[in-house]
Amino acid sequence: MHETPILRVENLCKQYGTGCQECQDKERNSVEKNYCKSCGTVFAVRDISLDLYRGEILGIVGESGSGKSTMMQCLYFDTDITSGAAYINRPGKENENVFELSSQQKRMIRNHDYGMVYQNPVHGLKMNFSSIGNIAEKLIAAGNRNVSDMEATGKRLLTNVHIPLHRMKEEPEKFSGGMQQRVQIAKALSNNPPILFLDEVTTGLDLSVQANVLDLIKKIQRELQISMIVVSHDLAVIRMLADRTIVMLNGEIIEEGLTDQVLEDPQHAYTQQLVYSLL
Amino acid sequence: MKANTHFAFFDEGSKKEIRRATLKAVAIPGYQVPFASREMPIARGWGTGGLQLTLSLIGQTDVLKVIDQGSDESVNAVSIKKLVQDTTGVQLTECTEEADIIQSRHRIPECSLTKEQILVLQVPIPEPLRAIEEREYMTKRMHAEDDYSGAWLMLFEQIMKFGKTATTADHPVSVHDRYVMAPSPIPRFDNPKMDHSEALILLGAGREKKIYAVPPYTSVKSLAFEDYPFTVESFEGAHCHLCGAVDVFLDELIDHEKGATIYQCNDSAYCIEQLNKQEKVEVESTYA
Ligand SMILES: Nc1ncnc2c1ncn2[C@@H]1O[C@H](COP(=O)(O)OP(=O)(O)OP(=O)(O)O)[C@@H](O)[C@H]1O
Ligand SMILES: [Mg+2]
Ligand SMILES: [Zn+2]
């Protein structure tokens, strides 16, 4: 018997630009990497299909510009897609392509079913609002109208991510990068979302702080059984976190499998190069 | 310069345009309708939004009252009255009950208005979400999608920082359970007067070019969390030192002779009316 994935993505495409006759015709070969030399269209995400199962961490690895962030932004409805479908296994939503829902319904999914941690905390936090307020924002958006209740949830989450409670009323702009990332994680977790997206959460943090954040993510997976898509161009991060891994290049999936398998015995020439250069 | 000869300053076309926006505003309670705000002989930010509404509404037989923070005699109220009267010849009044149209800045009169009356409020910032989102196209979208998390977040932040919602004026309201609206900088004390008001309430922002409305008998709820109920300014134990009124919005004054704090009705017309009534009762009882 097959388990139903909690998130199923089918043939997701995202391009910047309208395309031209040259790049629509596969024979003509006007596309170099992800870019049409003739019209300048960027094919950032090309025909991506993937499944995410309950409680698993799916790693996405790939070089800069391979389309990882674009894919995450599409999934989180931050940007419109060009084509494709995604289905989430949540009561009443099983058979609906979530990309075709109204923006109000998409917002419901973002507030109830998804959490997102951006590479740059500026995108995920209101830097000049209190940290507890940032967490409450997501709870308010999901319909909570009880201050004590939200305050209690916020305090519990901040404690979990090791932000001292005497600093909870401070604005993230006064925090270090690592602390900002931890506030973002607390915020993303506030509604117990079954699905969490993490885009390069440790990039730019110094090593001890990185280890700290990675431990936290592991702990969340263990204790809360949340499914996560973790994007990184750092193989060490992927090795530590991901159960399964997808390798992206020029907007496409070129290899996927169990993380150990992909890293120990890469099949695609690009992955081999990637893995061996790291050894 | 050619003298302006139009009744109520504007040509008929301009009035029609403003009325059209007003009708739309009445049809969609709490929704901000854009309109082509005109240049006025008073500076924007001095009640031009309210003034344009008043001029588009007023007829020859109407009686007008203009107040500024509860006072009929402030320079601003006087110059607005003068402009309307010079271009219409309408009758002016300070008595709230006598007025057909009441244009006001930052207050709703104490005596309850009737369905025969229209209250026109002057608005500096019509967008209740502006403080959390600067971009107009984003706030428009938030209203369209009924996304008011931002308005609630502002109140949550105030509670975190001050232990209570700290809005001194312009506390956001939900109109007809749909649009969140800035009630204009009236004190919280006046918010409940908007709820199911018998009088039509029109709000005009000249600089921001917006008109919006609360039609008669429409639900207007001040935003408040379950465990932090909405409260109005409390003047417990205080009364107006002139007329003795208690359930009204009071200004705090210092009695320089006694060095003590005393209170006085902010709505000066209301205060005078109370005094007149008392005098009448006194006179009647002396004759009895
Ligand atoms: N708004 C945009 N307009 C045009 N092209 C864009 C836009 N955003 C991204 N791209 C292009 O899409 C491609 C994918 O970018 P994306 O940011 O998704 O890559 P990434 O894998 O996240 O890279 P990195 O590791 O550097 O974060 C790149 O070629 C990028 O230049
Ligand atoms: Mg990226
Ligand atoms: Zn092309």
# chains A, B, ... in the order shown; residues from 1 in each chain; ligands from 1
$ select_by_dssp --residues "segment 122-223 of chain B" --states "strand (DSSP E or B)" --output "list in words"
Gln122, Ala169, Val173, Ser174, Val175, Tyr179, Val180, Met181, Pro187, Leu200, Ile201, Leu202, Leu203, Gly204, Ala205, Lys210, Ile211, Tyr212, Ala213, Val214, Val220, Lys221 and Ser222 of chain B
$ residues_near_ligand --ligand "ligand 1" --cutoff "12 Å" --atoms "only C-alpha atoms and all ligand atoms" --output "JSON, numbers by chain"
{"A": [13, 14, 15, 16, 17, 18, 32, 33, 34, 35, 36, 40, 41, 42, 43, 44, 45, 46, 60, 61, 62, 63, 64, 65, 66, 67, 68, 69, 70, 71, 72, 73, 74, 78, 79, 80, 118, 119, 120, 198, 199, 200, 201, 203, 204, 230, 231, 232, 233, 234, 247, 248, 249, 250, 251, 252, 253]}
$ interface_residues --of "chain A" --to "chain B" --cutoff "8 Å" --atoms "only C-alpha atoms" --output "list of chain:residue names"
A:Ser103, A:Gln104, A:Phe129, A:Ser130, A:Gly133, A:Ala136, A:Glu137, A:Ile140, A:Ala141, A:Arg145, A:Asn146, A:Val147, A:Ser148, A:Lys169
$ write_last_selection --atoms "N, CA, C and O atoms" --output "compact mmCIF listing (two decimals), in the first residue's frame"
# COMPACT_ATOMS: atom_id res chain seq x y z
N SER A 103 -7.19 33.96 -4.33
CA SER A 103 -6.09 34.41 -3.48
C SER A 103 -6.48 34.34 -2.00
O SER A 103 -5.63 34.14 -1.14
N GLN A 104 -7.77 34.48 -1.71
CA GLN A 104 -8.21 34.34 -0.32
C GLN A 104 -8.00 32.91 0.17
O GLN A 104 -7.53 32.69 1.29
N PHE A 129 8.51 45.43 14.24
CA PHE A 129 7.48 45.01 15.19
C PHE A 129 8.12 44.08 16.21
O PHE A 129 9.13 43.45 15.92
N SER A 130 7.52 43.96 17.39
CA SER A 130 8.11 43.10 18.42
C SER A 130 8.19 41.66 17.91
O SER A 130 7.47 41.26 17.00
N GLY A 133 5.05 39.94 18.55
CA GLY A 133 4.06 40.43 17.59
C GLY A 133 4.21 39.74 16.24
O GLY A 133 3.23 39.42 15.58
N ALA A 136 2.58 36.52 16.63
CA ALA A 136 1.13 36.71 16.72
C ALA A 136 0.53 37.01 15.35
O ALA A 136 -0.60 36.63 15.07
N GLU A 137 1.28 37.68 14.50
CA GLU A 137 0.75 38.05 13.18
C GLU A 137 0.20 36.83 12.45
O GLU A 137 -0.87 36.86 11.87
N ILE A 140 -2.94 35.66 14.28
CA ILE A 140 -4.05 36.57 13.99
C ILE A 140 -4.60 36.26 12.59
O ILE A 140 -5.80 36.15 12.38
N ALA A 141 -3.67 36.09 11.65
CA ALA A 141 -4.09 35.82 10.27
C ALA A 141 -4.90 34.53 10.20
O ALA A 141 -5.78 34.39 9.36
N ARG A 145 -8.15 35.60 18.11
CA ARG A 145 -8.47 36.94 18.61
C ARG A 145 -8.30 37.01 20.13
O ARG A 145 -8.94 37.81 20.79
N ASN A 146 -7.43 36.14 20.64
CA ASN A 146 -7.24 36.11 22.08
C ASN A 146 -5.79 36.41 22.43
O ASN A 146 -4.89 35.63 22.13
N VAL A 147 -5.56 37.55 23.06
CA VAL A 147 -4.20 38.02 23.32
C VAL A 147 -3.43 37.06 24.23
O VAL A 147 -2.29 36.68 23.93
N SER A 148 -4.04 36.65 25.35
CA SER A 148 -3.30 35.80 26.30
C SER A 148 -2.92 34.49 25.65
O SER A 148 -1.82 33.96 25.87
N LYS A 169 9.76 41.40 23.50
CA LYS A 169 9.11 42.61 23.02
C LYS A 169 10.05 43.47 22.16
O LYS A 169 9.66 44.51 21.65
$ closest_residue --among "A:Gly257, A:Pro266, A:Gly154, A:Gly59" --to "Asn191 of chain A" --atoms "only C-alpha atoms"
A:Gly154
$ atom_distance --atom1 "atom CA of Gly19 of chain A" --atom2 "atom CA of Ala85 of chain A"
20.6 Å
$ atom_distance --atom1 "atom CA of Trp46 of chain B" --atom2 "atom CA of Pro187 of chain B"
18.7 Å
$ select_by_dssp --residues "segment 213-262 of chain A" --states "alpha helix (DSSP H)" --output "list in words"
Val213, Leu214, Asp215, Leu216, Ile217, Lys218, Lys219, Ile220, Gln221, Arg222, Glu223, Leu224, Leu235, Ala236, Val237, Ile238, Arg239, Met240, Leu241, Thr259, Asp260, Gln261 and Val262 of chain A
$ residues_around --residues "Met179 of chain A" --least-positions-apart "5" --cutoff "12 Å" --atoms "only C-alpha atoms" --output "PyMOL selection string"
chain A and resi 121+125+131+158-159+161-164+167-168+170-174+184-186+201-202+205-206+209-210+212-213
$ closest_residue --among "A:Asn144, A:Gly177, A:Leu263, A:His112" --to "Ser277 of chain A" --atoms "only C-alpha atoms"
A:Leu263
$ closest_residue --among "B:Thr54, B:Ala213, B:Lys65, B:Phe249" --to "Ser234 of chain B" --atoms "only C-alpha atoms"
B:Phe249
